[in-house]
Amino acid sequence: MTTNRIYNVNIAKQYPLPTPQEILEELPLTFVETDTIYRFRKEIENIILRKDSRILVIAGPCSIDSIPAALEYASALKKLQQKVSSKMVLIMRAYFEKPRTTLGWKGLVYDPDLDSSFNIEKGLRLSRKLLLELVRMELPAATEFLDPIMPQYFADLITWAAIGARTVESQTHRQLASGLSMPVGFKNATDGSITVAIDAIRTALAKHSFLGIINDGRTGVFSTKGNKFGHVVLRGGQHMPNYGSENVAFAVELMKKLKLTPSIIIDCSHANSMRNPLNQPKILDDVVEQIRGGQTAISGVMLESYIKTGRQDITSKGKIIPGISLTDPCLGWAETEAAILKAYENLP
């Protein structure tokens with residue numbers, strides 16, 4: 001008896017990937033690298049809890065599209081870290097999945113050859129290899145987790161994670177965050193709602209049990225302890241920024257009422273910058289002034305930044321100009337470095 005009229009009707013094909021355990025064994029962490037990531041996470045936890053007065057600066061391309069360009073950026077960021085380490089901890093954005101409002105390139109994991117061939121196995125390996133290179137450079141990495149299976153392949157290499165504006169209301173992602181081993185920033189919703197992000201923090205703080213893929217590839221049940229290091233990321237909404245002092249104060253009061261440690265990261269891009277990367281330094285200036293004015297709840301900032309300012313589309317046969325964003329427009333490195341150094345000089 002055939003079931004092909006009712007089963008997998010819209011599936012063109014399916015095939016197995018290597019299990020998370022196979023990829024982890026193929027591209028393993030050393031003991032020294034494990035210690036490095038543990039140290040990074042502890043530093044960031046203390047900053048999130050405001051036990052460390054430094055701020056996080058999460059900077060890098062909107063999405064990783066070229067490994068050589070990403071490593072060039074990482075090298076420049078590492079050199080800058082050495083200049084600003086007394087007041088800042090720099091973390092590189094290493095985003096491999098991109099949520100799309102409609103259609104578009106979905107990120108390095110899904111389409112590493114930029115040609116709609118969707119070689120996901122290659123994308124997973126490239127992503128993990130890049131993260132291993134960042135650890136060896138002693139540069140912390142940040143990412144947004146979109147697909148709930150993806151953390152099994154490279155979450156051990158991530159120092160800071162985000163749950164994005166489109167998924168912050170998702171119970172699946174809140175449960176996922178409750179079991180992640182690193183601090184997690186929850187972005188306000190695309191309509192600008194901050195309460196949604198705070199609800200997500202409270203949900204992720206609790207224990208959960210849910211289905212997922214365990215390392216040997218089987219479906220399993222995950223029972224979590226809850227994540228104590230959730231915090232808000234203000235990214236603006238519906239063409240209205242929310243990085244100003246009144247928005248920060250509102251978020252602080254909401255968190256205090258719910259007995260949460262007020263800890264807020266300001267996203268200088270996205271709706272806060274009106275998608276214009278040249279606005280990001282102005283927002284960073286404003287954030288620094290808030291800190292100088294005594295706002296202690298601000299724990300960091302995010303910058304969408306690459307080697308060159310702007311964005312590009314993929315041309316025929318997957319051709320791109322390395323160092324220019326394929327997704328959101330980014331601030332160029334020269335402008336990024338100048339903005340961070342200015343902030344460093346002006347921070348108390």
# chains A, B, ... in the order shown; residues from 1 in each chain; ligands from 1
call {"tool": "select_by_dssp", "arguments": {"residues": "stretch 24-147 of chain A", "states": "alpha helix (DSSP H)", "output": "PyMOL selection string"}}
result
chain A and resi 24-26+31-48+67-84+120-136
call {"tool": "write_last_selection", "arguments": {"atoms": "C-alpha atoms", "output": "compact mmCIF listing (two decimals), in the first residue's frame"}}
result
# COMPACT_ATOMS: atom_id res chain seq x y z
CA LEU A 24 32.67 17.63 16.60
CA GLU A 25 35.09 14.71 16.40
CA GLU A 26 36.28 15.79 12.95
CA PHE A 31 41.77 21.57 26.14
CA VAL A 32 43.48 24.94 25.77
CA GLU A 33 40.78 26.23 23.43
CA THR A 34 38.08 24.98 25.79
CA ASP A 35 39.70 26.94 28.61
CA THR A 36 39.78 30.03 26.37
CA ILE A 37 36.04 29.87 25.67
CA TYR A 38 35.27 29.23 29.34
CA ARG A 39 37.29 32.33 30.29
CA PHE A 40 35.52 34.42 27.63
CA ARG A 41 32.10 33.36 28.87
CA LYS A 42 32.94 34.12 32.50
CA GLU A 43 34.11 37.62 31.52
CA ILE A 44 30.90 38.25 29.61
CA GLU A 45 28.73 36.87 32.42
CA ASN A 46 30.32 39.36 34.81
CA ILE A 47 29.76 42.22 32.38
CA ILE A 48 26.11 41.19 31.85
CA ILE A 67 36.00 33.05 5.08
CA PRO A 68 39.09 35.05 3.94
CA ALA A 69 37.25 38.37 4.41
CA ALA A 70 35.98 37.25 7.82
CA LEU A 71 39.50 36.35 8.94
CA GLU A 72 40.83 39.69 7.67
CA TYR A 73 38.17 41.45 9.74
CA ALA A 74 38.90 39.26 12.76
CA SER A 75 42.60 40.12 12.61
CA ALA A 76 41.81 43.85 12.62
CA LEU A 77 39.33 43.43 15.49
CA LYS A 78 41.88 41.49 17.53
CA LYS A 79 44.48 44.26 17.12
CA LEU A 80 41.91 46.84 18.20
CA GLN A 81 41.00 44.76 21.28
CA GLN A 82 44.53 45.15 22.56
CA LYS A 83 44.08 48.95 22.53
CA VAL A 84 40.72 49.11 24.30
CA ILE A 120 24.53 22.46 3.99
CA GLU A 121 27.12 19.84 4.96
CA LYS A 122 29.87 22.08 3.52
CA GLY A 123 28.32 25.11 5.23
CA LEU A 124 28.38 23.42 8.63
CA ARG A 125 32.05 22.50 8.27
CA LEU A 126 33.06 25.97 7.04
CA SER A 127 31.21 27.62 9.92
CA ARG A 128 32.84 25.42 12.53
CA LYS A 129 36.29 25.86 10.96
CA LEU A 130 35.95 29.65 11.08
CA LEU A 131 34.86 29.55 14.73
CA LEU A 132 37.87 27.37 15.57
CA GLU A 133 40.14 29.94 13.90
CA LEU A 134 38.60 32.71 16.00
CA VAL A 135 39.22 30.75 19.20
CA ARG A 136 42.86 30.20 18.18
call {"tool": "residues_around", "arguments": {"residues": "A:Lys319", "least_positions_apart": "4", "cutoff": "8 Å", "atoms": "only C-alpha atoms", "output": "PyMOL selection string"}}
result
chain A and resi 114+314-315
call {"tool": "closest_residue", "arguments": {"among": "A:Ser178, A:Asn188, A:Ser305, A:Thr195", "to": "A:Thr224", "atoms": "only C-alpha atoms"}}
result
A:Ser178
call {"tool": "select_by_dssp", "arguments": {"residues": "stretch 39-162 of chain A", "states": "strand (DSSP E or B)", "output": "ChimeraX atom specification"}}
result
/A:55-60,88-93,141-144,160-162
call {"tool": "write_last_selection", "arguments": {"atoms": "N, CA and C atoms", "output": "mmCIF file, in the first residue's frame"}}
result
data_model
loop_
_atom_site.group_PDB
_atom_site.id
_atom_site.type_symbol
_atom_site.label_atom_id
_atom_site.label_comp_id
_atom_site.auth_asym_id
_atom_site.auth_seq_id
_atom_site.Cartn_x
_atom_site.Cartn_y
_atom_site.Cartn_z
ATOM 1 N N ILE A 55 32.261 47.398 28.935
ATOM 2 C CA ILE A 55 31.119 47.107 28.071
ATOM 3 C C ILE A 55 31.530 46.148 26.963
ATOM 4 N N LEU A 56 30.558 45.392 26.489
ATOM 5 C CA LEU A 56 30.756 44.517 25.342
ATOM 6 C C LEU A 56 30.576 45.329 24.067
ATOM 7 N N VAL A 57 31.409 45.053 23.079
ATOM 8 C CA VAL A 57 31.207 45.618 21.743
ATOM 9 C C VAL A 57 31.158 44.426 20.786
ATOM 10 N N ILE A 58 29.946 44.104 20.338
ATOM 11 C CA ILE A 58 29.736 42.959 19.456
ATOM 12 C C ILE A 58 29.714 43.499 18.036
ATOM 13 N N ALA A 59 30.800 43.288 17.315
ATOM 14 C CA ALA A 59 30.979 43.933 16.011
ATOM 15 C C ALA A 59 31.356 42.897 14.961
ATOM 16 N N GLY A 60 30.870 43.123 13.746
ATOM 17 C CA GLY A 60 31.218 42.228 12.655
ATOM 18 C C GLY A 60 30.175 42.297 11.564
ATOM 19 N N MET A 88 36.651 47.847 27.315
ATOM 20 C CA MET A 88 35.775 47.137 26.389
ATOM 21 C C MET A 88 36.231 45.696 26.196
ATOM 22 N N VAL A 89 35.282 44.819 25.930
ATOM 23 C CA VAL A 89 35.572 43.471 25.440
ATOM 24 C C VAL A 89 34.946 43.363 24.052
ATOM 25 N N LEU A 90 35.778 43.186 23.040
ATOM 26 C CA LEU A 90 35.293 43.091 21.659
ATOM 27 C C LEU A 90 34.954 41.639 21.334
ATOM 28 N N ILE A 91 33.803 41.443 20.723
ATOM 29 C CA ILE A 91 33.322 40.122 20.323
ATOM 30 C C ILE A 91 32.977 40.194 18.841
ATOM 31 N N MET A 92 33.397 39.202 18.067
ATOM 32 C CA MET A 92 33.107 39.248 16.641
ATOM 33 C C MET A 92 31.775 38.594 16.325
ATOM 34 N N ARG A 93 30.943 39.317 15.587
ATOM 35 C CA ARG A 93 29.718 38.734 15.030
ATOM 36 C C ARG A 93 30.107 37.643 14.041
ATOM 37 N N ALA A 141 33.437 34.870 19.910
ATOM 38 C CA ALA A 141 32.499 34.866 18.785
ATOM 39 C C ALA A 141 31.067 34.949 19.281
ATOM 40 N N ALA A 142 30.253 35.689 18.520
ATOM 41 C CA ALA A 142 28.824 35.820 18.799
ATOM 42 C C ALA A 142 28.036 35.330 17.601
ATOM 43 N N THR A 143 26.863 34.772 17.843
ATOM 44 C CA THR A 143 26.005 34.367 16.733
ATOM 45 C C THR A 143 24.547 34.445 17.150
ATOM 46 N N GLU A 144 23.663 34.406 16.152
ATOM 47 C CA GLU A 144 22.232 34.264 16.408
ATOM 48 C C GLU A 144 21.838 32.839 16.073
ATOM 49 N N TRP A 160 28.780 34.370 23.047
ATOM 50 C CA TRP A 160 27.552 35.145 23.286
ATOM 51 C C TRP A 160 26.574 34.822 22.167
ATOM 52 N N ALA A 161 25.302 34.628 22.527
ATOM 53 C CA ALA A 161 24.295 34.270 21.531
ATOM 54 C C ALA A 161 23.135 35.249 21.563
ATOM 55 N N ALA A 162 22.478 35.382 20.417
ATOM 56 C CA ALA A 162 21.288 36.231 20.312
ATOM 57 C C ALA A 162 20.089 35.398 19.891
#
call {"tool": "residues_around", "arguments": {"residues": "A:Ile64", "least_positions_apart": "5", "cutoff": "10 Å", "atoms": "only C-alpha atoms", "output": "list of chain:residue names"}}
result
A:Ala69, A:Ala70, A:Arg93, A:Ala94, A:Tyr95, A:Phe96, A:Glu97, A:Lys98, A:Gly107, A:Leu108, A:Val109, A:Pro112, A:Ser127, A:Leu130, A:Tyr306, A:Gly323, A:Ser325, A:Leu326, A:Thr327
call {"tool": "write_last_selection", "arguments": {"atoms": "C-alpha atoms", "output": "short mmCIF file (atom, residue, chain, number, x, y, z; two decimals), in the first residue's frame"}}
result
data_model
loop_
_atom_site.label_atom_id
_atom_site.label_comp_id
_atom_site.auth_asym_id
_atom_site.auth_seq_id
_atom_site.Cartn_x
_atom_site.Cartn_y
_atom_site.Cartn_z
CA ALA A 69 37.25 38.37 4.41
CA ALA A 70 35.98 37.25 7.82
CA ARG A 93 29.72 38.73 15.03
CA ALA A 94 29.85 35.32 13.34
CA TYR A 95 26.31 34.98 12.00
CA PHE A 96 25.79 31.95 9.74
CA GLU A 97 21.98 31.90 9.53
CA LYS A 98 19.89 34.84 8.33
CA GLY A 107 23.50 32.41 5.18
CA LEU A 108 26.75 30.47 4.98
CA VAL A 109 25.40 27.32 6.63
CA PRO A 112 28.07 28.42 1.27
CA SER A 127 31.21 27.62 9.92
CA LEU A 130 35.95 29.65 11.08
CA TYR A 306 32.66 44.85 7.65
CA GLY A 323 34.37 42.39 2.48
CA SER A 325 27.91 42.72 3.11
CA LEU A 326 25.44 40.53 1.24
CA THR A 327 22.61 41.25 3.65
#
call {"tool": "closest_residue", "arguments": {"among": "A:Asn119, A:Ser273, A:Asn4, A:Ser86", "to": "A:Tyr243", "atoms": "only C-alpha atoms"}}
result
A:Ser273
call {"tool": "residues_around", "arguments": {"residues": "A:Gly332", "least_positions_apart": "3", "cutoff": "8 Å", "atoms": "only C-alpha atoms", "output": "list in words"}}
result
Ser305, Tyr306, Ile307, Lys308, Thr309, Gly310, Glu335 and Thr336 of chain A
call {"tool": "write_last_selection", "arguments": {"atoms": "C-alpha atoms", "output": "mmCIF file, in the first residue's frame"}}
result
data_model
loop_
_atom_site.group_PDB
_atom_site.id
_atom_site.type_symbol
_atom_site.label_atom_id
_atom_site.label_comp_id
_atom_site.auth_asym_id
_atom_site.auth_seq_id
_atom_site.Cartn_x
_atom_site.Cartn_y
_atom_site.Cartn_z
ATOM 1 C CA SER A 305 30.533 46.313 10.442
ATOM 2 C CA TYR A 306 32.664 44.845 7.652
ATOM 3 C CA ILE A 307 35.744 45.752 5.678
ATOM 4 C CA LYS A 308 33.937 48.184 3.352
ATOM 5 C CA THR A 309 30.796 50.281 3.882
ATOM 6 C CA GLY A 310 27.560 49.262 2.166
ATOM 7 C CA GLU A 335 34.808 54.081 10.329
ATOM 8 C CA THR A 336 34.216 51.269 12.831
#
call {"tool": "residues_around", "arguments": {"residues": "A:Lys317", "least_positions_apart": "3", "cutoff": "12 Å", "atoms": "only C-alpha atoms", "output": "PyMOL selection string"}}
result
chain A and resi 113-117+313-314+320
